[in-house]
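A.B. asks: My file is run22.txt. It has compact mmCIF, C-alpha atoms:
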# COMPACT_ATOMS: atom_id res chain seq x y z
CA MET A 1 114.23 101.60 145.41
CA ASN A 2 115.56 105.17 145.56
CA PRO A 3 115.63 107.48 142.48
CA PHE A 4 119.38 107.08 142.00
CA SER A 5 119.10 103.28 142.03
CA ARG A 6 116.23 103.39 139.55
CA THR A 7 118.24 105.63 137.21
CA LEU A 8 121.30 103.38 137.46
CA LEU A 9 119.20 100.29 136.79
CA ALA A 10 117.60 101.95 133.75
CA VAL A 11 121.03 102.79 132.34
CA MET A 12 122.30 99.25 132.94
CA ILE A 13 119.25 97.62 131.38
CA THR A 14 119.32 99.89 128.35
CA SER A 15 123.03 99.29 127.80
CA VAL A 16 122.61 95.52 127.96
CA PHE A 17 119.19 94.97 126.43
CA GLY A 18 118.55 98.06 124.34
CA SER A 19 115.29 99.98 124.30
CA HIS A 20 112.25 100.45 122.09
CA SER A 21 109.16 102.61 122.06
CA ALA A 22 105.90 100.94 123.04
CA SER A 23 103.17 100.56 120.43
CA ALA A 24 99.48 100.91 121.24
CA ALA A 25 99.21 97.11 121.35
CA GLU A 26 102.14 96.88 123.75
CA GLN A 27 100.52 99.46 126.02
CA GLY A 28 97.42 97.28 126.16
CA TRP A 29 99.52 94.24 127.06
CA ARG A 30 101.31 96.25 129.74
CA GLU A 31 97.99 97.13 131.36
CA ARG A 32 97.25 93.40 131.55
CA SER A 33 100.70 92.41 132.87
CA SER A 34 99.37 92.38 136.42
CA SER A 35 96.04 93.17 138.03
CA VAL A 36 95.46 96.49 139.71
CA VAL A 37 95.38 95.79 143.41
CA ASP A 38 94.22 97.97 146.28
CA VAL A 39 96.87 97.66 148.95
CA THR A 40 98.00 99.92 151.76
CA VAL A 41 101.53 100.76 152.85
CA SER A 42 100.98 98.46 155.83
CA ASP A 43 99.83 95.65 153.53
CA ILE A 44 102.99 96.00 151.43
CA SER A 45 105.18 95.98 154.52
CA ALA A 46 103.47 92.82 155.74
CA GLU A 47 103.79 91.18 152.30
CA VAL A 48 107.53 91.92 152.12
CA SER A 49 108.21 90.79 155.71
CA PHE A 50 106.22 87.62 155.16
CA GLY A 51 107.99 86.89 151.87
CA ARG A 52 111.39 87.53 153.43
CA GLU A 53 110.73 84.80 155.98
CA ILE A 54 109.77 82.34 153.24
CA ALA A 55 112.84 83.33 151.22
CA ALA A 56 115.00 82.68 154.28
CA ARG A 57 113.56 79.18 154.55
CA ILE A 58 114.28 78.50 150.89
CA LEU A 59 117.87 79.60 151.46
CA GLY A 60 117.95 77.39 154.50
CA ARG A 61 117.09 74.44 152.26
CA TYR A 62 119.48 75.33 149.41
CA LYS A 63 122.70 77.31 149.29
CA ALA A 64 122.73 80.37 147.06
CA SER A 65 125.22 80.54 144.20
CA ASN A 66 128.25 82.75 144.83
CA ASP A 67 128.83 83.39 141.11
CA ALA A 68 128.64 87.19 141.11
CA GLU A 69 128.55 87.56 137.33
CA LEU A 70 125.77 85.00 136.97
CA ILE A 71 123.72 86.67 139.72
CA LYS A 72 124.19 90.06 138.06
CA TYR A 73 123.01 88.64 134.74
CA ILE A 74 119.92 86.96 136.25
CA ASN A 75 119.01 90.21 138.03
CA LEU A 76 119.38 92.28 134.86
CA VAL A 77 117.01 89.96 133.01
CA GLY A 78 114.56 89.80 135.91
CA LEU A 79 114.52 93.52 136.66
CA ALA A 80 114.04 94.35 132.98
CA LEU A 81 110.87 92.22 133.09
CA VAL A 82 109.68 93.75 136.36
CA ARG A 83 109.64 97.23 134.82
CA ASN A 84 106.53 96.22 132.86
CA THR A 85 104.46 95.12 135.87
CA ASN A 86 102.04 97.14 137.95
CA ARG A 87 103.88 96.62 141.25
CA PRO A 88 106.45 99.48 141.31
CA GLU A 89 106.29 99.55 145.11
CA LEU A 90 108.18 96.24 145.33
CA ASP A 91 111.96 95.82 145.15
CA PHE A 92 112.58 92.50 143.40
CA HIS A 93 115.58 90.31 144.22
CA PHE A 94 116.70 87.41 142.01
CA SER A 95 119.06 84.63 143.05
CA VAL A 96 120.35 81.26 141.84
CA LEU A 97 120.14 78.17 144.05
CA ASN A 98 123.07 75.78 144.04
CA THR A 99 121.18 72.58 143.28
CA ASP A 100 120.67 70.42 140.20
CA GLU A 101 116.96 70.11 140.93
CA ILE A 102 114.87 71.66 138.16
CA ASN A 103 112.75 74.39 139.67
CA ALA A 104 112.09 78.06 140.33
CA TYR A 105 110.42 79.71 143.32
CA ALA A 106 108.86 83.06 144.15
CA ALA A 107 108.18 84.35 147.64
CA PRO A 108 105.78 87.26 148.26
CA GLY A 109 107.30 90.71 148.21
CA GLY A 110 109.62 90.10 145.25
CA TYR A 111 112.01 87.26 146.13
CA VAL A 112 112.61 85.05 143.08
CA PHE A 113 114.89 82.01 142.90
CA ILE A 114 115.92 79.75 140.04
CA THR A 115 117.97 76.58 140.39
CA GLN A 116 121.18 75.75 138.59
CA GLY A 117 119.48 72.60 137.34
CA ALA A 118 116.80 74.68 135.64
CA LEU A 119 119.38 77.00 134.07
CA LYS A 120 121.40 74.09 132.70
CA LEU A 121 118.38 72.89 130.71
CA MET A 122 117.71 76.28 129.14
CA ARG A 123 118.91 77.10 125.64
CA ASP A 124 118.53 80.87 125.48
CA GLU A 125 117.76 84.05 127.37
CA ALA A 126 114.14 84.08 126.23
CA GLU A 127 113.55 80.81 128.10
CA LEU A 128 115.19 82.29 131.20
CA ALA A 129 112.96 85.35 130.88
CA GLY A 130 109.89 83.16 130.43
CA VAL A 131 110.54 81.22 133.64
CA LEU A 132 111.42 84.33 135.65
CA ALA A 133 108.32 86.10 134.31
CA HIS A 134 106.16 83.18 135.43
CA GLU A 135 107.55 83.49 138.96
CA ILE A 136 107.15 87.27 138.84
CA GLY A 137 103.52 86.57 137.99
CA HIS A 138 102.99 84.74 141.28
CA VAL A 139 104.36 87.79 143.12
CA VAL A 140 102.56 90.58 141.28
CA GLU A 141 99.26 88.69 141.35
CA MET A 142 99.78 88.07 145.09
CA HIS A 143 98.77 84.41 144.89
CA VAL A 144 100.17 83.41 148.28
CA VAL A 145 99.13 86.70 149.86
CA LYS A 146 95.54 86.33 148.69
CA GLU A 147 95.30 82.64 149.56
CA LEU A 148 96.50 83.20 153.13
CA LYS A 149 94.81 86.61 153.48
CA ILE A 150 98.02 88.39 154.42
CA LYS A 151 97.17 91.95 155.46
CA GLY A 152 98.98 94.64 157.38
CA ASP A 153 96.00 96.07 159.24
CA ASP A 154 93.62 93.51 160.60
CA ASN A 155 92.25 92.47 163.96
CA SER A 156 92.95 88.82 163.22
CA ALA A 157 95.89 87.26 165.04
CA VAL A 158 96.92 85.48 161.84
CA THR A 159 96.52 88.21 159.24
CA GLY A 160 97.66 91.21 161.27
CA LEU A 161 101.24 90.55 160.20
CA ALA A 162 102.38 94.11 160.65
CA ARG A 163 101.96 93.50 164.36
CA LEU A 164 103.07 89.88 164.31
CA VAL A 165 106.44 90.68 162.76
CA GLY A 166 108.52 91.45 165.79
CA GLY A 167 105.62 90.72 168.10
CA SER A 168 106.80 89.82 171.56
CA SER A 169 103.99 87.53 172.67
CA GLU A 170 104.30 83.78 172.29
CA SER A 171 100.90 83.59 170.56
CA ALA A 172 101.94 86.24 168.02
CA ARG A 173 105.16 84.42 167.18
CA ALA A 174 103.31 81.10 166.90
CA ALA A 175 100.64 82.57 164.59
CA PHE A 176 103.27 84.17 162.38
CA GLY A 177 105.26 80.93 162.23
CA GLN A 178 102.17 78.95 161.24
CA ALA A 179 101.37 81.43 158.47
CA VAL A 180 104.94 81.22 157.15
CA ASP A 181 104.73 77.41 157.25
CA LYS A 182 101.67 77.50 155.03
CA GLY A 183 103.25 80.02 152.67
CA PHE A 184 106.43 77.98 152.37
CA GLU A 185 104.38 74.87 151.66
CA MET A 186 102.60 76.65 148.80
CA VAL A 187 105.81 78.00 147.28
CA PHE A 188 108.16 75.09 147.84
CA LYS A 189 105.78 72.28 146.92
CA ASP A 190 104.29 74.15 143.97
CA ALA A 191 100.87 73.98 145.59
CA TYR A 192 99.33 76.89 143.72
CA LYS A 193 95.79 76.70 142.47
CA ARG A 194 95.23 75.74 138.85
CA GLU A 195 94.04 79.24 137.98
CA ASP A 196 97.09 80.78 139.67
CA GLU A 197 99.51 78.75 137.55
CA LEU A 198 97.66 79.60 134.36
CA GLN A 199 97.51 83.27 135.31
CA SER A 200 101.27 83.30 135.87
CA ASP A 201 101.77 81.71 132.45
CA ARG A 202 99.70 84.54 130.96
CA VAL A 203 101.90 87.06 132.78
CA SER A 204 104.94 85.28 131.34
CA VAL A 205 103.68 85.65 127.77
CA THR A 206 102.89 89.33 128.35
CA LEU A 207 106.19 90.23 130.01
CA ASN A 208 108.24 88.35 127.41
CA THR A 209 106.38 90.14 124.65
CA LEU A 210 106.91 93.56 126.21
CA GLY A 211 110.58 92.73 126.74
CA GLY A 212 111.07 91.79 123.09
CA TYR A 213 111.62 88.13 123.93
CA ASP A 214 110.14 85.09 122.20
CA ALA A 215 106.68 84.85 123.78
CA GLY A 216 106.65 81.08 123.26
CA ALA A 217 109.89 80.53 125.18
CA LEU A 218 108.20 79.24 128.33
CA ALA A 219 106.23 76.72 126.25
CA ARG A 220 109.45 75.50 124.63
CA TYR A 221 111.04 75.06 128.03
CA LEU A 222 108.01 73.28 129.51
CA ASN A 223 108.02 70.82 126.62
CA ARG A 224 111.68 70.06 127.26
CA ILE A 225 111.38 69.45 130.99
CA GLN A 226 108.01 67.68 130.91
CA PRO A 227 109.49 64.14 130.83
CA LEU A 228 111.70 65.04 133.80
CA LYS A 229 109.15 66.85 135.92
CA GLU A 230 105.61 65.77 135.29
CA LYS A 231 104.28 62.87 137.32
CA ALA A 232 101.14 60.89 136.77
CA VAL A 233 98.17 63.16 137.42
CA SER A 234 95.59 61.86 139.86
CA SER A 235 91.89 62.56 139.48
CA GLU A 236 92.11 64.87 142.51
CA ASP A 237 95.07 66.87 141.21
CA THR A 238 94.01 70.44 140.34
CA HIS A 239 97.43 71.46 139.00
CA PRO A 240 97.38 72.04 135.21
CA THR A 241 99.38 69.58 133.11
CA PHE A 242 102.37 70.75 131.12
CA ALA A 243 100.47 69.99 127.90
CA PHE A 244 97.53 72.15 128.98
CA ARG A 245 99.85 75.02 129.92
CA VAL A 246 101.67 74.83 126.60
CA ALA A 247 98.35 74.82 124.72
CA GLN A 248 97.18 77.89 126.64
CA ILE A 249 100.41 79.76 125.88
CA GLN A 250 100.12 78.96 122.18
CA SER A 251 96.48 80.09 122.22
CA LEU A 252 97.38 83.38 123.90
CA ILE A 253 100.07 84.07 121.30
CA ALA A 254 97.63 83.39 118.47
CA THR A 255 94.80 85.42 120.04
CA ASP A 256 97.00 88.46 120.69
CA GLY A 257 98.54 88.24 117.22
CA ILE A 258 102.08 88.12 118.61
CA GLU A 259 104.62 87.62 115.84
CA ILE A 260 107.21 85.30 117.37
CA ALA A 261 109.43 85.54 114.30
CA LYS A 262 110.11 89.18 115.17
CA GLN A 263 111.07 88.41 118.77
CA SER A 264 114.51 87.57 120.11
CA LYS A 265 115.98 84.55 121.88
CA PHE A 266 119.52 85.85 122.60
CA GLU A 267 121.12 82.40 122.53
CA ALA A 268 124.73 83.62 122.35
CA ARG A 269 124.33 86.07 125.23
CA PHE A 270 122.75 83.42 127.41
CA VAL A 271 125.45 80.85 126.67
CA ASN A 272 128.19 83.41 127.34
CA SER A 273 126.60 84.60 130.60
CA THR A 274 126.07 81.05 131.92
CA GLN A 275 129.40 79.67 130.71
CA GLY A 276 130.79 79.20 134.21
CA LEU A 277 127.71 77.25 135.24
CA ARG A 278 127.95 74.96 132.24
CA MET A 279 131.64 74.32 132.82
CA SER A 280 130.78 73.04 136.31
CA ARG A 281 128.77 70.12 134.93
What's the structure tokens form of this structure?

C.D. replies:
Amino acid sequence: MNPFSRTLLAVMITSVFGSHSASAAEQGWRERSSSVVDVTVSDISAEVSFGREIAARILGRYKASNDAELIKYINLVGLALVRNTNRPELDFHFSVLNTDEINAYAAPGGYVFITQGALKLMRDEAELAGVLAHEIGHVVEMHVVKELKIKGDDNSAVTGLARLVGGSSESARAAFGQAVDKGFEMVFKDAYKREDELQSDRVSVTLNTLGGYDAGALARYLNRIQPLKEKAVSSEDTHPTFAFRVAQIQSLIATDGIEIAKQSKFEARFVNSTQGLRMSR
């Protein structure tokens, strides 16, 4: 993002969401909002190119909403959250998928999607922020990138994505396609590791807190969608249950001494900004 764009974004976010000075506690939370990672310019380029391919496949599965005002609103909320992460080298993009399925997705490199079905079940902006922050967590913590060992400079035919992107050989294209298949499977089928999901929930609590939102918003939303989303858990399933995730969020809030009563939900703003979506029911 160029300096002019960053300045414009800062002005837009401040005008819509206001601003506040960070306390010492907030600075500590900010330092924990995403892990410090050692990546090269080539690694970042590979991450973004890889994520763009996964994002394209998601958009191939679902159509993107053409509601310009809704997209602008989602991006303002998302980009306000991103400002408190430790991945300033990424340009995040937020979009709404035109489906009543209840879900949200994040592709490496900063591509975040939320479905209309998920938005329709939300009650306020804090819940929207909580879900977006969870997906941002998957990106900033590089869960897919680390799992598939996506690197820009590597001698491996699979992980040397800087060379595979645009590679002319059949083997290079095949290796890149296979890597994207695996990445799409992780993102689209919610096949993250247990610790990855819980880490993203922790990021959600941190980013909501730093943004002045109700830190328990994601927990409220998970409780609401649990009967619609959670299936019977098999003994081999490593994905954390909704109940376990909610308990962890509540524990984090208590441990960090976050005063939810002083945080905002912005119900009216959310309802007004999603009015067109709700009228389409």

A.B. asks: Could you pull the residues within 9 Å of A:Leu222, counting all atoms listed in the file, minus those fewer than 6 positions along the same chain, as a list in words?

C.D. replies: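 Result of the neighbour search: Phe242, Ala243, Arg245 and Val246 of chain A.
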
A.B. asks: Go ahead and compute the interatomic distance for atom CA of A:Ala129 and atom CA of A:Asn208, in Å to one decimal.

C.D. replies: 6.6 Å

A.B. asks: Tell me which protein, DNA and RNA residues are within 8 Å of stretch 223-231 of chain A, counting all atoms listed in the file, leaving out same-chain ones fewer than 2 positions away, and put them as a list in words.

C.D. replies: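 Once the adjacent positions are removed, what remains is Ile102, Leu121, Ala219, Arg220, Tyr221, Val233, Thr241, Phe242, Ala243 and Val246 of chain A.
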
A.B. asks: With all atoms listed in the file as the basis for distance, which of A:Leu148, A:Ala175, A:Met122, A:Val187 is at the shortest distance from A:Ala55?

C.D. replies: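 So, comparing all the options, the nearest one is A:Val187.
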
A.B. asks: Closest to A:Leu76 among A:Leu90, A:Val48, A:Leu132, A:Ala104, using all atoms listed in the file?

C.D. replies: A:Leu132

A.B. asks: Quick one: of A:Lys151, A:His143, A:Arg52, A:Lys262, who's nearest to A:Ala215, counting all atoms listed in the file?

C.D. replies: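 Ranking A:Lys151, A:His143, A:Arg52, A:Lys262 by distance to A:Ala215, first place goes to A:Lys262.
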
A.B. asks: Identify which of the residues A:Asn86, A:Thr209, A:Ser42, A:Asn98 lies closest to A:Asp67, counting all atoms listed in the file when measuring atom-to-atom distances.

C.D. replies: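 Selected residue with least distance to A:Asp67: A:Asn98.
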
A.B. asks: State, in Å with one decimal place, the distance from atom CA of A:Gly137 to atom CA of A:Thr85.

C.D. replies: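 Atom-to-atom, atom CA of A:Gly137 to atom CA of A:Thr85, that is 8.9 Å.
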
A.B. asks: Given 5 Å of margin on each side, can you work out the centre and size in Å (one decimal) of an axis-aligned box holding every listed atom of stretch 188-195 of chain A, as JSON?

C.D. replies:
{"center_x": 101.1, "center_y": 75.8, "center_z": 142.9, "size_x": 24.1, "size_y": 17.0, "size_z": 19.9}

A.B. asks: Enter the distance from atom CA of A:Lys120 to atom CA of A:Ala217, in Å, rounded to one decimal.

C.D. replies: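 Atom-to-atom, atom CA of A:Lys120 and atom CA of A:Ala217 are spaced 15.2 Å apart.
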
A.B. asks: For a quick check of understanding, using all atoms listed in the file, which of A:His93, A:Lys182, A:Arg123, A:Arg87 has the smallest distance to A:Ala268?

C.D. replies: A:Arg123

A.B. asks: For A:Gly109, which residue out of A:Leu207, A:Val77, A:Ile44, A:Ala126 is the nearest one, using all atoms listed in the file?

C.D. replies: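 Smallest separation from A:Gly109 among the options: A:Ile44.
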